[in-house]
file upload.cif (mmCIF, C-alpha atoms and all ligand atoms)
data_input
loop_
_atom_site.label_atom_id
_atom_site.label_comp_id
_atom_site.auth_asym_id
_atom_site.auth_seq_id
_atom_site.Cartn_x
_atom_site.Cartn_y
_atom_site.Cartn_z
CA MET N 1 132.29 117.60 88.26
CA THR N 2 131.43 114.61 90.41
CA ILE N 3 127.90 114.47 91.79
CA THR N 4 127.56 112.99 95.28
CA ILE N 5 124.24 112.23 96.90
CA THR N 6 123.47 110.88 100.35
CA ALA N 7 121.33 107.86 101.23
CA PHE N 8 120.53 105.68 104.22
CA GLU N 9 123.26 103.22 105.16
CA ALA N 10 120.46 100.91 106.31
CA SER N 11 117.15 101.93 104.78
CA PRO N 12 114.14 101.18 107.03
CA ASP N 13 112.19 100.12 103.92
CA ARG N 14 114.43 97.06 103.50
CA GLY N 15 115.38 97.81 99.89
CA ARG N 16 111.92 98.65 98.57
CA GLY N 17 113.19 101.92 97.18
CA LEU N 18 110.81 104.13 99.13
CA ALA N 19 113.42 106.44 100.64
CA ARG N 20 113.83 109.70 98.79
CA ASP N 21 117.30 108.98 97.45
CA MET N 22 115.46 106.69 94.99
CA ARG N 23 113.86 109.62 93.16
CA VAL N 24 117.20 111.44 92.91
CA ARG N 25 118.97 108.31 91.65
CA TRP N 26 116.20 107.88 89.08
CA ALA N 27 116.50 111.48 87.86
CA LEU N 28 120.27 111.07 87.52
CA GLU N 29 119.79 107.86 85.55
CA GLU N 30 117.16 109.44 83.26
CA THR N 31 119.56 112.26 82.44
CA GLY N 32 122.62 110.01 82.14
CA GLN N 33 124.60 111.61 84.98
CA PRO N 34 127.10 109.43 86.85
CA TYR N 35 127.10 109.90 90.62
CA ASP N 36 128.61 108.73 93.86
CA VAL N 37 126.62 107.89 96.99
CA ARG N 38 127.68 108.64 100.54
CA LEU N 39 125.87 106.34 102.95
CA LEU N 40 124.91 107.66 106.36
CA SER N 41 123.78 106.10 109.60
CA PHE N 42 120.91 107.75 111.48
CA ALA N 43 123.48 109.10 113.98
CA GLU N 44 125.65 110.58 111.22
CA MET N 45 122.63 112.34 109.72
CA LYS N 46 122.31 114.40 112.90
CA GLU N 47 126.01 115.29 113.22
CA PRO N 48 127.38 118.74 112.36
CA ALA N 49 129.06 117.62 109.12
CA HIS N 50 125.73 116.52 107.66
CA LEU N 51 123.69 119.31 109.27
CA ALA N 52 125.92 121.75 107.39
CA LEU N 53 124.52 120.24 104.18
CA HIS N 54 120.98 119.56 105.37
CA PRO N 55 119.56 121.78 108.13
CA PHE N 56 117.00 119.11 109.08
CA GLY N 57 119.48 116.24 109.22
CA GLN N 58 117.85 114.14 106.51
CA ILE N 59 118.65 112.44 103.23
CA PRO N 60 118.92 113.03 100.32
CA THR N 61 121.47 115.76 99.73
CA TYR N 62 123.25 116.64 96.49
CA GLU N 63 126.78 117.97 96.10
CA GLU N 64 128.43 119.06 92.88
CA GLY N 65 131.54 121.23 93.08
CA ASP N 66 130.72 124.07 95.45
CA LEU N 67 126.95 123.57 95.14
CA ALA N 68 125.16 121.73 97.95
CA LEU N 69 121.40 121.14 97.84
CA PHE N 70 118.80 119.44 100.00
CA GLU N 71 115.05 118.71 99.43
CA SER N 72 114.38 116.08 96.80
CA GLY N 73 112.12 118.44 94.83
CA ALA N 74 114.82 121.09 94.54
CA ILE N 75 117.45 118.49 93.69
CA ILE N 76 115.37 116.94 90.92
CA PHE N 77 114.46 120.34 89.53
CA HIS N 78 118.16 121.23 89.45
CA ILE N 79 119.06 117.99 87.65
CA ALA N 80 116.18 118.37 85.18
CA ASP N 81 116.99 122.03 84.56
CA ARG N 82 120.67 121.42 83.83
CA HIS N 83 120.46 118.22 81.80
CA ALA N 84 118.27 117.09 78.93
CA GLY N 85 115.73 114.34 79.44
CA LEU N 86 113.31 115.39 82.15
CA LEU N 87 111.90 118.79 81.15
CA PRO N 88 110.59 119.85 77.74
CA ASP N 89 112.38 122.69 75.93
CA GLU N 90 109.17 124.54 75.06
CA PRO N 91 108.74 127.10 77.90
CA ASN N 92 105.04 126.54 78.61
CA ALA N 93 105.36 122.74 78.54
CA ARG N 94 108.36 123.10 80.84
CA ALA N 95 106.36 125.22 83.29
CA ARG N 96 103.55 122.65 83.26
CA ALA N 97 105.99 119.80 84.01
CA VAL N 98 107.33 121.79 86.98
CA THR N 99 103.73 122.35 88.09
CA TRP N 100 103.25 118.57 88.22
CA MET N 101 106.39 118.23 90.34
CA PHE N 102 104.86 120.64 92.86
CA ALA N 103 101.46 118.94 92.65
CA ALA N 104 103.10 115.63 93.49
CA ILE N 105 104.97 116.82 96.58
CA ASN N 106 102.59 119.54 97.73
CA THR N 107 99.12 118.17 96.97
CA VAL N 108 99.31 114.39 96.57
CA GLU N 109 102.15 113.43 98.92
CA PRO N 110 100.90 115.06 102.19
CA PRO N 111 97.93 112.73 102.84
CA ILE N 112 100.08 109.75 101.79
CA LEU N 113 102.67 110.73 104.40
CA ASP N 114 99.85 111.18 106.91
CA LEU N 115 98.81 107.57 106.36
CA PHE N 116 102.30 106.41 107.26
CA THR N 117 102.19 108.57 110.39
CA ALA N 118 98.70 107.37 111.34
CA LYS N 119 99.57 103.69 110.89
CA ILE N 120 103.18 103.45 112.02
CA VAL N 121 104.01 106.40 114.25
CA GLU N 122 100.61 106.83 115.92
CA GLY N 123 99.28 103.29 115.37
CA ASP N 124 99.15 102.48 119.09
CA GLN N 125 97.14 105.58 120.01
CA PRO N 126 93.53 104.94 121.11
CA TRP N 127 92.17 107.10 118.28
CA ALA N 128 94.29 105.51 115.53
CA ALA N 129 91.52 103.16 114.36
CA GLN N 130 89.28 106.16 113.72
CA ARG N 131 91.95 108.31 112.11
CA VAL N 132 93.27 105.82 109.52
CA PRO N 133 90.02 105.58 107.46
CA LEU N 134 89.75 109.38 107.44
CA VAL N 135 93.25 109.70 106.03
CA GLN N 136 92.58 106.92 103.51
CA ASP N 137 89.54 108.85 102.24
CA ARG N 138 91.63 111.99 101.83
CA ILE N 139 94.07 109.97 99.74
CA ARG N 140 91.21 108.50 97.69
CA ALA N 141 89.96 112.02 96.92
CA ARG N 142 93.37 112.93 95.47
CA LEU N 143 93.72 109.65 93.58
CA ALA N 144 90.24 109.96 92.07
CA ASP N 145 91.02 113.42 90.70
CA LEU N 146 94.44 112.35 89.44
CA SER N 147 92.95 109.24 87.84
CA ALA N 148 90.29 111.32 86.07
CA TYR N 149 92.94 113.74 84.81
CA LEU N 150 95.29 111.04 83.54
CA GLY N 151 92.54 109.07 81.79
CA ASP N 152 94.05 106.86 79.10
CA ALA N 153 97.23 108.91 78.69
CA ASP N 154 100.64 107.38 79.32
CA TRP N 155 102.00 110.44 81.14
CA LEU N 156 100.58 113.56 82.76
CA ASP N 157 101.45 116.06 80.02
CA GLY N 158 102.81 114.62 76.79
CA ALA N 159 106.22 113.01 77.12
CA PHE N 160 107.54 111.55 80.39
CA SER N 161 108.90 114.36 82.54
CA ALA N 162 110.20 115.21 86.01
CA GLY N 163 106.53 115.76 86.89
CA ASP N 164 105.80 112.09 86.20
CA LEU N 165 108.94 110.98 88.00
CA MET N 166 107.91 112.83 91.13
CA MET N 167 104.26 111.76 90.93
CA VAL N 168 105.19 108.11 90.48
CA GLU N 169 107.62 108.28 93.39
CA VAL N 170 104.85 109.67 95.59
CA LEU N 171 102.32 107.04 94.44
CA ARG N 172 104.80 104.22 95.00
CA ARG N 173 104.52 104.92 98.72
CA LEU N 174 101.02 103.43 98.49
CA SER N 175 102.29 100.12 97.11
CA THR N 176 101.32 98.07 100.16
CA SER N 177 98.19 100.03 101.10
CA GLY N 178 95.86 98.54 98.47
CA LEU N 179 94.65 102.05 97.61
CA LEU N 180 96.46 102.35 94.29
CA ALA N 181 94.79 99.16 93.00
CA GLU N 182 91.43 100.92 93.33
CA TYR N 183 92.50 103.13 90.40
CA PRO N 184 93.68 100.80 87.60
CA ASN N 185 94.95 103.58 85.33
CA LEU N 186 97.13 104.92 88.17
CA ALA N 187 98.44 101.45 88.97
CA ALA N 188 99.28 101.03 85.26
CA TYR N 189 100.92 104.48 85.22
CA VAL N 190 103.21 103.50 88.08
CA ALA N 191 104.01 100.14 86.44
CA ARG N 192 104.81 101.90 83.14
CA ALA N 193 107.25 104.20 84.90
CA GLU N 194 108.82 101.36 86.86
CA ALA N 195 109.51 99.56 83.56
CA ARG N 196 111.77 102.37 82.36
CA PRO N 197 115.42 101.27 82.16
CA ALA N 198 116.55 104.32 84.17
CA TYR N 199 114.14 103.41 86.97
CA GLN N 200 115.35 99.82 86.93
CA ARG N 201 119.00 100.88 87.25
CA ALA N 202 118.21 103.26 90.12
CA PHE N 203 116.15 100.64 91.91
CA ALA N 204 118.87 98.00 91.53
CA ASP N 205 121.50 100.38 92.88
CA GLN N 206 119.56 101.25 96.03
CA LEU N 207 118.66 97.58 96.53
CA ALA N 208 122.35 96.66 96.30
CA VAL N 209 123.03 98.96 99.27
CA PHE N 210 120.44 97.12 101.36
CA MET N 211 121.68 93.69 100.26
CA ALA N 212 125.29 94.58 101.08
CA ALA N 213 124.26 95.87 104.51
CA SER N 214 122.15 92.81 105.31
CA THR N 215 124.73 90.23 104.16
CA GLY N 216 127.84 92.09 105.25
N1 LIG Z 301 111.01 117.00 102.13
C1 LIG Z 301 112.23 116.24 102.20
C2 LIG Z 301 111.99 115.05 103.10
C3 LIG Z 301 113.27 114.31 103.40
C4 LIG Z 301 113.00 113.11 104.28
O1 LIG Z 301 111.97 113.01 104.95
N2 LIG Z 301 113.98 112.18 104.29
C5 LIG Z 301 113.83 110.99 105.08
C6 LIG Z 301 114.20 109.76 104.26
S1 LIG Z 301 113.12 109.53 102.90
C7 LIG Z 301 114.78 111.05 106.26
O2 LIG Z 301 115.91 111.46 106.12
N3 LIG Z 301 114.31 110.60 107.44
C8 LIG Z 301 115.09 110.54 108.63
C9 LIG Z 301 114.86 111.72 109.52
O3 LIG Z 301 114.01 112.58 109.21
O4 LIG Z 301 115.51 111.75 110.56
C10 LIG Z 301 112.67 115.81 100.78
O5 LIG Z 301 111.79 115.68 99.91
O6 LIG Z 301 113.88 115.64 100.55
#

call {"tool": "encode", "arguments": {"input": "upload.cif", "output": "structure tokens", "more": "lines below"}}
Ligand SMILES: N[C@@H](CCC(=O)N[C@@H](CS)C(=O)NCC(=O)O)C(=O)O
result
Amino acid sequence: MTITITAFEASPDRGRGLARDMRVRWALEETGQPYDVRLLSFAEMKEPAHLALHPFGQIPTYEEGDLALFESGAIIFHIADRHAGLLPDEPNARARAVTWMFAAINTVEPPILDLFTAKIVEGDQPWAAQRVPLVQDRIRARLADLSAYLGDADWLDGAFSAGDLMMVEVLRRLSTSGLLAEYPNLAAYVARAEARPAYQRAFADQLAVFMAASTG
């Protein structure tokens, strides 16, 4: 059955692969699943046809036969659950990998998203200059704990898993902040993940969308 995901027609990140279709593309590449992409404008994302798939009018979505999913975490769990390559077979190791997926999106990602809000969305507010360092320190607290946990290991719990995929995707959002560089083992962790052939294919595919839009 053909898998179709949705992505931005014109990603605001200018091809840096920070939109959340990137993590879904990467999961599909890691598990060897071919897929189609339906590109959407911001206006189309808020129209009834897309709202029927995604109640909040966002990307990514995932369609496969009569199954339609939204939320990148749920989509990646579905892919990892159905196809080999992203979750261990051993039940306890599998549960731990899923735990890391939740830790990434529920514990590490929120302050990172707050930094984007504080800098970009609220950057012209009079209190922004005071708020940004507070948010940066909340991020540092998470990164320090994650860094201590990872130590010298390549991945969070044995072999590369959906937990690493999600954590790396969350950390990549810090790429221009300078914060990741304060934790060399986390910067190396992200670089190690980005060197994976599946990541490279996913990144190239989302970049091709931006290049086509900007030259076409
Ligand atoms: N929690 C959702 C967040 C989805 C999300 O924020 N998508 C962004 C792109 S990365 C979006 O569609 N933004 C446009 C909008 O919210 O109107 C997920 O993980 O899928």

call {"tool": "residues_near_ligand", "arguments": {"input": "upload.cif", "ligand": "ligand LIG 301 (chain Z)", "cutoff": "8 Å", "atoms": "all atoms listed in the file", "output": "list in words"}}
result
Ala7, Phe8, Leu18, Ala19, Arg20, Asp21, Phe42, Met45, Lys46, Phe56, Gly57, Gln58, Ile59, Pro60, Thr61, Phe70, Glu71, Ser72, Gly73 and Ile105 of chain N

call {"tool": "residues_around", "arguments": {"input": "upload.cif", "residues": "Ala93 of chain N", "least_positions_apart": "6", "cutoff": "12 Å", "atoms": "only C-alpha atoms", "output": "PyMOL selection string"}}
result
chain N and resi 86-87+99-100+156-163

call {"tool": "closest_residue", "arguments": {"input": "upload.cif", "among": "N:Pro110, N:Phe116, N:Ala49, N:Phe77", "to": "Arg94 of chain N", "atoms": "all atoms listed in the file"}}
result
N:Phe77

call {"tool": "residues_around", "arguments": {"input": "upload.cif", "residues": "Leu146 of chain N", "least_positions_apart": "4", "cutoff": "12 Å", "atoms": "only C-alpha atoms", "output": "NGL selection string"}}
result
:N and (100 or 103-104 or 107-108 or 139-142 or 150-153 or 155-156 or 164 or 167-168 or 171 or 180 or 183-187 or 189)

call {"tool": "atom_distance", "arguments": {"input": "upload.cif", "atom1": "atom CA of Pro12 of chain N", "atom2": "atom CA of Asp137 of chain N"}}
result
26.2 Å

call {"tool": "atom_distance", "arguments": {"input": "upload.cif", "atom1": "atom CA of Ala118 of chain N", "atom2": "atom CA of Val135 of chain N"}}
result
8.0 Å

call {"tool": "closest_residue", "arguments": {"input": "upload.cif", "among": "N:Met211, N:Pro111, N:Phe102, N:Gln136", "to": "Arg16 of chain N", "atoms": "all atoms listed in the file"}}
result
N:Met211

call {"tool": "residues_around", "arguments": {"input": "upload.cif", "residues": "Glu169 of chain N", "least_positions_apart": "3", "cutoff": "8 Å", "atoms": "all atoms listed in the file", "output": "PyMOL selection string"}}
result
chain N and resi 18+23+165-166+172-173

call {"tool": "closest_residue", "arguments": {"input": "upload.cif", "among": "N:Glu47, N:Ala202, N:Tyr149, N:Ile120", "to": "Tyr35 of chain N", "atoms": "only C-alpha atoms"}}
result
N:Ala202

call {"tool": "residues_around", "arguments": {"input": "upload.cif", "residues": "Arg196 of chain N", "least_positions_apart": "3", "cutoff": "12 Å", "atoms": "only C-alpha atoms", "output": "ChimeraX atom specification"}}
result
/N:26-27,29-30,160,165,168,189-193,199-203

call {"tool": "atom_distance", "arguments": {"input": "upload.cif", "atom1": "atom CA of Ser175 of chain N", "atom2": "atom CA of Ser214 of chain N"}}
result
22.7 Å

call {"tool": "closest_residue", "arguments": {"input": "upload.cif", "among": "N:Asp66, N:Asp13, N:Asp145, N:Asp114", "to": "Leu53 of chain N", "atoms": "only C-alpha atoms"}}
result
N:Asp66

call {"tool": "closest_residue", "arguments": {"input": "upload.cif", "among": "N:Ala144, N:Ser177, N:Asn106, N:Ala84", "to": "Lys119 of chain N", "atoms": "only C-alpha atoms"}}
result
N:Ser177
